[in-house]
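Novice: The structure under discussion is supplied below as structure tokens; questions concerning it will follow.
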Amino acid sequence: MSVTKNMKSAIVAFLGTAIVAGASVPSQAGAVIGDAASCSKDATGAGTCFGTPRGFRNSSDPTAQVDFLLTLTGGVAFLAHFGGATFTCTIPSNPNTIAFANFFETTNNWFQISWDASGNCTYNANWKSSATGSNY
């Protein structure tokens with residue numbers, strides 16, 4: 001067998017493998033919002049957190065965590081650890097906020113939450129979008 005024929009066989013084998021491997025790799029189409037994790041507060045204690053649950057789990061910060069908790073008294077609390085600090089606020093309890101707390105823990109939705117200096121949640125938003133993905 002000639003060197004040229006061996007070279008052609010090797011190229012054909014490589015291209016065949018590359019095509020099969022490429023066909024099995026998922027690709028993104030459309031807008032994609034990357035996972036993120038961020039929390040901060042000012043000197044008064046008021047602050048904000050945003051990101052996705054997966055963003056907090058995959059953060060380079062080994063203490064990063066985010067939760068919406070149902071309390072024993074029927075309330076809803078937000079709790080996050082990020083950057084060596086703890087961030088908390090309470091959300092008025094009603095059927096919508098309880099449903100939100102239950103829903104949040106089973107999705108990878110993008111969220112933003114803010115609170116005042118007294119620790120009362122003042123803003124909460126949750127975006128379910130094809131751009132954030134659906135894998136928890």
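Every chain in the structure tokens has a letter given in the order shown (A, B, ...), and although residue numbers restart at 1 in each chain, ligands are simply numbered from 1 in the order shown.
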Name the residues in contact with A:Trp115 at a cut-off of 10 Å, using only C-alpha atoms, excluding same-chain residues fewer than 5 positions from it; report them as an MDAnalysis selection string.
Specialist: chainID A and resid 41 45:49 78 87:91 120:124
Novice: Which polymer residues have any atom within 10 Å of an atom of A:Asp67, counting only C-alpha atoms, with same-chain residues fewer than 3 positions away left out, as a PyMOL selection string?
Specialist: chain A and resi 53+70+77-81+88+101+104-105
Novice: Pick out each residue of stretch 22-127 of chain A that DSSP on the backbone tags as alpha helix (DSSP H); I need them as a PDB file with C-alpha atoms, in the first residue's frame.
Specialist:
ATOM      1  CA  GLY A  22     -20.342  16.243  15.676  1.00  0.00           C
ATOM      2  CA  ALA A  23     -23.800  14.843  15.011  1.00  0.00           C
ATOM      3  CA  PRO A  53     -30.026  28.083  41.217  1.00  0.00           C
ATOM      4  CA  ARG A  54     -27.558  26.256  38.953  1.00  0.00           C
ATOM      5  CA  GLY A  55     -25.433  29.400  38.816  1.00  0.00           C
ATOM      6  CA  PHE A  56     -25.142  29.373  42.612  1.00  0.00           C
ATOM      7  CA  ARG A  57     -24.429  25.618  42.700  1.00  0.00           C
ATOM      8  CA  PRO A  95     -50.811  31.515  48.347  1.00  0.00           C
ATOM      9  CA  ASN A  96     -48.768  33.079  45.508  1.00  0.00           C
ATOM     10  CA  THR A  97     -45.523  33.424  47.470  1.00  0.00           C
ATOM     11  CA  ILE A  98     -45.858  29.918  48.917  1.00  0.00           C
ATOM     12  CA  ALA A  99     -46.402  28.516  45.414  1.00  0.00           C
ATOM     13  CA  PHE A 100     -43.391  30.502  44.213  1.00  0.00           C
ATOM     14  CA  ALA A 101     -41.132  29.101  46.948  1.00  0.00           C
ATOM     15  CA  ASN A 102     -42.182  25.550  46.070  1.00  0.00           C
ATOM     16  CA  PHE A 103     -41.764  26.167  42.334  1.00  0.00           C
ATOM     17  CA  PHE A 104     -38.375  27.887  42.617  1.00  0.00           C
TER      18      PHE A 104
END
